[in-house]
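Content type CSV, C-alpha atoms, from the file run35.csv:
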```csv
chain,number,residue,atom,x,y,z
U,1,ALA,CA,98.8,105.9,100.9
U,2,GLN,CA,100.6,109.2,100.7
U,3,SER,CA,104.3,109.3,100.3
U,4,VAL,CA,107.0,111.7,99.3
U,5,THR,CA,110.3,111.1,97.4
U,6,GLN,CA,113.2,113.5,97.6
U,7,LEU,CA,115.2,112.8,94.4
U,8,ASP,CA,118.6,113.9,95.7
U,9,SER,CA,120.2,112.9,99.0
U,10,HIS,CA,122.9,115.5,98.5
U,11,VAL,CA,123.1,118.8,96.5
U,12,SER,CA,126.2,121.0,96.3
U,13,VAL,CA,126.2,124.5,95.0
U,14,SER,CA,128.4,127.5,95.0
U,15,GLU,CA,127.5,130.6,96.9
U,16,GLY,CA,125.4,132.9,94.7
U,17,THR,CA,124.2,130.2,92.3
U,18,PRO,CA,120.6,128.9,92.2
U,19,VAL,CA,119.4,126.1,94.4
U,20,LEU,CA,117.0,123.3,93.3
U,21,LEU,CA,115.9,120.6,95.7
U,22,ARG,CA,113.5,118.1,94.0
U,23,CYS,CA,110.5,116.5,95.6
U,24,ASN,CA,107.8,114.3,94.1
U,25,TYR,CA,104.7,113.2,96.0
U,26,SER,CA,102.1,110.5,95.8
U,27,SER,CA,98.6,111.2,97.0
U,28,SER,CA,95.2,110.0,96.2
U,29,TYR,CA,93.7,113.3,97.0
U,30,SER,CA,94.7,117.0,97.0
U,31,PRO,CA,97.5,117.1,99.6
U,32,SER,CA,99.0,119.8,101.7
U,33,LEU,CA,102.8,120.0,101.2
U,34,PHE,CA,105.6,121.5,103.2
U,35,TRP,CA,109.3,122.1,103.2
U,36,TYR,CA,111.1,122.0,106.5
U,37,VAL,CA,114.8,122.9,107.1
U,38,GLN,CA,117.0,121.5,109.8
U,39,HIS,CA,120.3,123.2,110.6
U,40,PRO,CA,123.0,121.1,112.3
U,41,ASN,CA,122.0,120.0,115.8
U,42,LYS,CA,118.8,122.0,115.6
U,43,GLY,CA,115.2,121.3,115.4
U,44,LEU,CA,113.1,121.6,112.3
U,45,GLN,CA,111.8,124.9,111.0
U,46,LEU,CA,109.0,125.4,108.5
U,47,LEU,CA,110.2,127.1,105.3
U,48,LEU,CA,106.9,127.2,103.4
U,49,LYS,CA,103.6,125.3,102.8
U,50,TYR,CA,101.2,124.7,100.1
U,51,THR,CA,97.5,124.3,101.1
U,52,SER,CA,95.6,124.6,97.9
U,53,ALA,CA,95.7,128.3,97.3
U,54,ALA,CA,98.4,129.8,95.0
U,55,THR,CA,100.5,127.1,93.3
U,56,LEU,CA,103.7,129.2,93.7
U,57,VAL,CA,104.5,129.5,97.4
U,58,LYS,CA,107.0,131.9,98.9
U,59,GLY,CA,108.7,131.1,102.1
U,60,ILE,CA,111.3,132.5,104.4
U,61,ASN,CA,114.9,133.3,103.5
U,62,GLY,CA,114.1,133.7,99.8
U,63,PHE,CA,113.0,130.2,99.2
U,64,GLU,CA,109.9,129.3,97.1
U,65,ALA,CA,108.3,126.2,95.7
U,66,GLU,CA,105.8,125.5,93.0
U,67,PHE,CA,103.1,122.9,93.2
U,68,LYS,CA,102.7,121.1,89.9
U,69,LYS,CA,99.8,118.6,90.0
U,70,SER,CA,100.4,117.3,86.5
U,71,GLU,CA,104.0,116.3,87.5
U,72,THR,CA,103.2,115.5,91.2
U,73,SER,CA,106.1,117.7,92.1
U,74,PHE,CA,106.8,120.3,94.7
U,75,HIS,CA,110.4,121.4,94.1
U,76,LEU,CA,112.1,124.0,96.3
U,77,THR,CA,114.2,126.7,94.7
U,78,LYS,CA,116.2,129.8,95.6
U,79,PRO,CA,117.7,132.2,93.1
U,80,SER,CA,121.0,132.7,94.9
U,81,ALA,CA,122.5,130.4,97.6
U,82,HIS,CA,124.0,131.8,100.8
U,83,MET,CA,126.4,130.0,103.0
U,84,SER,CA,123.8,130.0,105.8
U,85,ASP,CA,121.5,127.9,103.6
U,86,ALA,CA,123.7,124.8,104.2
U,87,ALA,CA,121.3,122.5,106.0
U,88,GLU,CA,119.1,119.4,105.7
U,89,TYR,CA,115.8,120.0,103.9
U,90,PHE,CA,112.7,117.8,104.2
U,91,CYS,CA,109.8,117.6,101.9
U,92,VAL,CA,106.6,116.7,103.8
U,93,VAL,CA,103.1,115.7,102.8
U,94,SER,CA,100.1,115.7,105.0
U,95,ASP,CA,98.2,112.4,104.6
U,96,ILE,CA,94.5,111.7,104.6
U,97,THR,CA,94.5,111.4,108.4
U,98,ASP,CA,96.5,114.6,108.7
U,99,LYS,CA,99.7,113.1,109.9
U,100,LEU,CA,102.9,114.5,108.4
U,101,ILE,CA,104.8,112.1,106.2
U,102,PHE,CA,108.5,113.0,105.7
U,103,GLY,CA,110.9,112.5,102.8
U,104,THR,CA,114.3,111.1,103.5
U,105,GLY,CA,115.9,114.6,103.3
U,106,THR,CA,118.3,116.4,101.0
U,107,ARG,CA,121.6,117.7,102.4
U,108,LEU,CA,122.5,121.1,100.9
U,109,GLN,CA,126.1,122.1,100.8
U,110,VAL,CA,127.1,125.6,99.8
U,111,PHE,CA,130.7,126.3,98.8
U,112,PRO,CA,132.3,129.7,98.8
G,1,ASP,CA,109.5,130.4,127.9
G,2,ALA,CA,106.9,129.9,125.2
G,3,GLY,CA,107.4,127.0,122.8
G,4,ILE,CA,108.1,123.3,122.8
G,5,THR,CA,110.8,121.9,124.9
G,6,GLN,CA,112.3,118.4,125.1
G,7,SER,CA,114.3,117.0,127.9
G,8,PRO,CA,116.9,115.7,128.2
G,9,ARG,CA,118.8,116.9,125.2
G,10,TYR,CA,121.3,114.0,125.4
G,11,LYS,CA,120.9,110.6,127.1
G,12,ILE,CA,123.0,107.5,127.3
G,13,THR,CA,121.3,104.4,128.6
G,14,GLU,CA,122.0,100.7,128.8
G,15,THR,CA,120.2,98.0,127.0
G,16,GLY,CA,117.1,96.8,128.9
G,17,ARG,CA,116.6,99.9,130.9
G,18,GLN,CA,113.5,102.0,130.8
G,19,VAL,CA,113.9,105.6,129.8
G,20,THR,CA,111.4,108.4,129.4
G,21,LEU,CA,111.8,111.4,127.1
G,22,MET,CA,109.8,114.4,128.0
G,23,CYS,CA,108.0,116.9,125.8
G,24,HIS,CA,106.3,120.1,127.0
G,25,GLN,CA,104.5,122.7,124.9
G,26,THR,CA,103.1,126.0,126.1
G,27,TRP,CA,100.7,126.8,123.2
G,28,SER,CA,97.9,124.4,124.3
G,29,HIS,CA,98.1,122.8,120.9
G,30,SER,CA,95.7,119.9,120.5
G,31,TYR,CA,98.1,117.7,118.4
G,32,MET,CA,101.4,116.3,119.6
G,33,PHE,CA,103.8,113.9,117.8
G,34,TRP,CA,106.9,111.9,118.4
G,35,TYR,CA,109.3,111.2,115.6
G,36,ARG,CA,112.6,109.4,115.4
G,37,GLN,CA,115.3,110.6,112.9
G,38,ASP,CA,117.7,108.0,111.5
G,39,LEU,CA,120.1,108.4,108.6
G,40,GLY,CA,118.5,107.4,105.3
G,41,HIS,CA,115.0,107.3,106.8
G,42,GLY,CA,114.2,110.9,107.4
G,43,LEU,CA,111.7,111.3,110.2
G,44,ARG,CA,109.4,108.5,111.1
G,45,LEU,CA,106.3,108.9,113.2
G,46,ILE,CA,106.3,106.8,116.4
G,47,TYR,CA,103.1,108.0,118.1
G,48,TYR,CA,100.8,110.9,118.0
G,49,SER,CA,98.0,112.4,120.0
G,50,ALA,CA,95.0,114.4,118.9
G,51,ALA,CA,94.1,115.6,122.4
G,52,ALA,CA,94.6,114.7,126.1
G,53,ASP,CA,93.9,111.0,126.7
G,54,ILE,CA,93.8,110.2,122.9
G,55,THR,CA,96.8,108.6,121.4
G,56,ASP,CA,97.5,106.5,118.3
G,57,LYS,CA,100.3,104.5,116.7
G,58,GLY,CA,102.4,105.9,113.9
G,59,GLU,CA,104.7,104.1,111.5
G,60,VAL,CA,107.2,102.6,114.1
G,61,PRO,CA,105.5,102.2,117.5
G,62,ASP,CA,107.0,98.9,118.7
G,63,GLY,CA,108.9,99.2,121.9
G,64,TYR,CA,107.5,102.6,122.8
G,65,VAL,CA,104.7,103.8,125.1
G,66,VAL,CA,103.1,107.2,125.3
G,67,SER,CA,100.7,108.9,127.6
G,68,ARG,CA,98.9,112.3,127.5
G,69,SER,CA,97.2,113.1,130.8
G,70,LYS,CA,97.6,116.8,130.2
G,71,THR,CA,97.4,118.8,127.0
G,72,GLU,CA,100.8,120.3,127.4
G,73,ASN,CA,102.8,117.1,128.1
G,74,PHE,CA,103.5,114.1,125.9
G,75,PRO,CA,106.2,111.8,127.3
G,76,LEU,CA,107.7,108.9,125.3
G,77,THR,CA,108.8,105.9,127.2
G,78,LEU,CA,111.1,103.1,126.0
G,79,GLU,CA,110.1,100.2,128.1
G,80,SER,CA,113.2,98.2,127.6
G,81,ALA,CA,115.7,100.0,125.5
G,82,THR,CA,117.5,98.3,122.6
G,83,ARG,CA,120.4,99.4,120.5
G,84,SER,CA,118.1,99.8,117.5
G,85,GLN,CA,116.4,102.6,119.4
G,86,THR,CA,119.6,104.7,119.3
G,87,SER,CA,118.3,107.7,117.4
G,88,VAL,CA,117.4,111.4,117.6
G,89,TYR,CA,113.9,111.9,118.8
G,90,PHE,CA,111.8,114.9,118.0
G,91,CYS,CA,108.6,116.0,119.6
G,92,ALA,CA,106.2,118.3,117.7
G,93,SER,CA,102.9,120.0,118.2
G,94,SER,CA,100.3,121.5,116.0
G,95,GLU,CA,97.2,123.6,116.6
G,96,SER,CA,95.2,121.8,114.0
G,97,MET,CA,95.7,119.1,111.4
G,98,GLY,CA,92.3,119.2,109.7
G,99,ASP,CA,92.4,122.8,108.8
G,100,ARG,CA,94.8,123.3,105.8
G,101,GLU,CA,95.5,126.9,106.6
G,102,ARG,CA,96.3,126.3,110.3
G,103,THR,CA,98.2,123.0,109.8
G,104,GLU,CA,101.8,123.6,110.9
G,105,ALA,CA,103.9,121.5,113.1
G,106,PHE,CA,106.4,123.1,115.5
G,107,PHE,CA,109.3,121.0,116.6
G,108,GLY,CA,111.4,120.7,119.7
G,109,GLN,CA,115.2,120.7,119.6
G,110,GLY,CA,115.4,117.0,119.8
G,111,THR,CA,116.8,114.4,122.2
G,112,ARG,CA,119.8,112.4,121.1
G,113,LEU,CA,119.5,108.9,122.7
G,114,THR,CA,122.3,106.4,122.7
G,115,VAL,CA,121.6,102.8,123.9
G,116,VAL,CA,124.8,100.9,124.8
```

The structure given in the file should be rewritten as structure tokens.
Amino acid sequence: AQSVTQLDSHVSVSEGTPVLLRCNYSSSYSPSLFWYVQHPNKGLQLLLKYTSAATLVKGINGFEAEFKKSETSFHLTKPSAHMSDAAEYFCVVSDITDKLIFGTGTRLQVFP
Amino acid sequence: DAGITQSPRYKITETGRQVTLMCHQTWSHSYMFWYRQDLGHGLRLIYYSAAADITDKGEVPDGYVVSRSKTENFPLTLESATRSQTSVYFCASSESMGDRERTEAFFGQGTRLTVV
């Protein structure tokens, strides 16, 4: 069965420093992978998705993620954090029946 | 307004009562989903639907009932609410789940349900 593990429940960075949110997946076939963001008291918004084309995926708001099959990872990065990036981030894998399987989330805090 | 809307946004109900959460989307997406979000668990799938009159269980279906008589609506009913069903519920829709390039789920704003 497909699954996804987000390695950090909380990440804290200073504004202007790089962001790294880690995600590992388990899949018996080539998966589709997504990152969603949830701002406080809001719904979820798609940041980016990997669907088997380029392994480096660029998303909205300067975020990007790299699919590494050998490491079964799909880490989310951003070169320079902004205060508005503070939110909950979810790594998601699409399973063999095309349901979305969510990780437990990483809460990103950005300090001035 | 175009999009996916959930109602109510907030609901407090008593143990044992039946409560229905509504979800409406205006895109005519085939797929619709109900998730619950709990601290430490992320989002867990309750039920999903691939088309009108087609529904299937997700990871945590017990205590919930869904129906989908029209493509645009996907109500979720708690038949006899329990405190363990206190959660934030999200509805989502997707045009396609089998086509990698078109697979993207759009989420509603959520319904915060408290069972007392």

For this session: Calculate how many Å separate atom CA of Gly105 of chain U from atom CA of Tyr89 of chain U, rounding to one decimal.
Result: 5.4 Å

Problem set entry | Nearest-residue call for Ser80 of chain G, choices G:Gly58, G:Gly42, G:Pro8, G:Gly16, using all atoms listed in the file |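 Under the stated criterion, the closest residue is G:Gly16.
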
For this session: For each of U:Val57, U:Val19, U:Leu48, U:Met83, take the minimum atom-to-atom distance to chain G, counting only C-alpha atoms, then give the residue where this is smallest.
Result: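 Using only C-alpha atoms, the shortest distance to chain G belongs to U:Leu48.
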
Problem set entry | Interatomic distance, atom CA of Ala81 of chain G to atom CA of Ser94 of chain G (Å, one decimal) |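 Atom-to-atom, atom CA of Ala81 of chain G and atom CA of Ser94 of chain G are spaced 28.1 Å apart.
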
For this session: Name the residues in contact with segment 17-20 of chain G at a cut-off of 10 Å, using only C-alpha atoms, excluding same-chain residues fewer than 4 positions from it; report them as a list in words.
Result: Ser7, Pro8, Lys11, Ile12, Thr13, Tyr64, Val65, Val66, Pro75, Leu76, Thr77, Leu78, Glu79, Ser80, Ala81, Thr82, Leu113 and Val115 of chain G

Keeping only C-alpha atoms, write the selected residues as a short mmCIF file (atom, residue, chain, number, x, y, z; two decimals), in the coordinates of the input.
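Generated output (again.cif):
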```cif
data_model
loop_
_atom_site.label_atom_id
_atom_site.label_comp_id
_atom_site.auth_asym_id
_atom_site.auth_seq_id
_atom_site.Cartn_x
_atom_site.Cartn_y
_atom_site.Cartn_z
CA SER G 7 114.30 117.00 127.90
CA PRO G 8 116.90 115.70 128.20
CA LYS G 11 120.90 110.60 127.10
CA ILE G 12 123.00 107.50 127.30
CA THR G 13 121.30 104.40 128.60
CA TYR G 64 107.50 102.60 122.80
CA VAL G 65 104.70 103.80 125.10
CA VAL G 66 103.10 107.20 125.30
CA PRO G 75 106.20 111.80 127.30
CA LEU G 76 107.70 108.90 125.30
CA THR G 77 108.80 105.90 127.20
CA LEU G 78 111.10 103.10 126.00
CA GLU G 79 110.10 100.20 128.10
CA SER G 80 113.20 98.20 127.60
CA ALA G 81 115.70 100.00 125.50
CA THR G 82 117.50 98.30 122.60
CA LEU G 113 119.50 108.90 122.70
CA VAL G 115 121.60 102.80 123.90
#
```

Exercise. So which one's closest to chain U, G:Leu43, G:Asp53, G:His29, G:Leu21? Using all atoms listed in the file, please.
Worked result: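 Answer, going by the shortest atom-to-atom distance: G:Leu43.
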
For this session: With a distance cut-off of 8 Å and all atoms listed in the file, select the neighbouring residues of Gly3 of chain G, excluding the residue or stretch itself and same-chain residues fewer than 2 positions from it, and output the selection as a PyMOL selection string.
Result: chain G and resi 1+5+25-27

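For the set G:Thr114, G:Ser30, G:Ser69, G:Gln37, the residue with the smallest atom-to-atom gap to chain U is G:Gln37, counting all atoms listed in the file.
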
For this session: Could you give me, as JSON, numbers by chain, the residues that sit within 8 Å of (103.5, 126.8, 86.5) in the file's coordinates, counting all atoms listed in the file?
Result: {"U": [55, 56, 66, 67, 68]}

What residues in chain G have any atom no more than 9 Å from chain U when counting only C-alpha atoms, and can you write them as an mmCIF file with C-alpha atoms, in the frame of the given file?
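The resulting file, result.cif, is reproduced below:
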```cif
data_model
loop_
_atom_site.group_PDB
_atom_site.id
_atom_site.type_symbol
_atom_site.label_atom_id
_atom_site.label_comp_id
_atom_site.auth_asym_id
_atom_site.auth_seq_id
_atom_site.Cartn_x
_atom_site.Cartn_y
_atom_site.Cartn_z
ATOM 1 C CA PHE G 33 103.800 113.900 117.800
ATOM 2 C CA LEU G 39 120.100 108.400 108.600
ATOM 3 C CA GLY G 40 118.500 107.400 105.300
ATOM 4 C CA HIS G 41 115.000 107.300 106.800
ATOM 5 C CA GLY G 42 114.200 110.900 107.400
ATOM 6 C CA LEU G 43 111.700 111.300 110.200
ATOM 7 C CA ARG G 44 109.400 108.500 111.100
ATOM 8 C CA LEU G 45 106.300 108.900 113.200
ATOM 9 C CA TYR G 48 100.800 110.900 118.000
ATOM 10 C CA GLY G 58 102.400 105.900 113.900
ATOM 11 C CA PHE G 90 111.800 114.900 118.000
ATOM 12 C CA MET G 97 95.700 119.100 111.400
ATOM 13 C CA GLY G 98 92.300 119.200 109.700
ATOM 14 C CA ARG G 100 94.800 123.300 105.800
ATOM 15 C CA GLU G 101 95.500 126.900 106.600
ATOM 16 C CA THR G 103 98.200 123.000 109.800
ATOM 17 C CA GLU G 104 101.800 123.600 110.900
ATOM 18 C CA ALA G 105 103.900 121.500 113.100
ATOM 19 C CA PHE G 106 106.400 123.100 115.500
ATOM 20 C CA PHE G 107 109.300 121.000 116.600
ATOM 21 C CA GLY G 108 111.400 120.700 119.700
ATOM 22 C CA GLN G 109 115.200 120.700 119.600
ATOM 23 C CA GLY G 110 115.400 117.000 119.800
#
```

For this session: Extract, using all atoms listed in the file, all DNA, RNA and protein residues at most 12 Å from Asn61 of chain U, discarding same-chain residues fewer than 6 positions from it, and format them as a list in words.
Result: Val37, Gln45, Leu46, Leu47, Leu48, Thr77, Lys78, Pro79, Ser80, Ala81, His82, Met83, Ser84 and Asp85 of chain U

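Counting from atom CA of Glu71 of chain U, the distance to atom CA of Lys58 of chain U is 19.6 Å.
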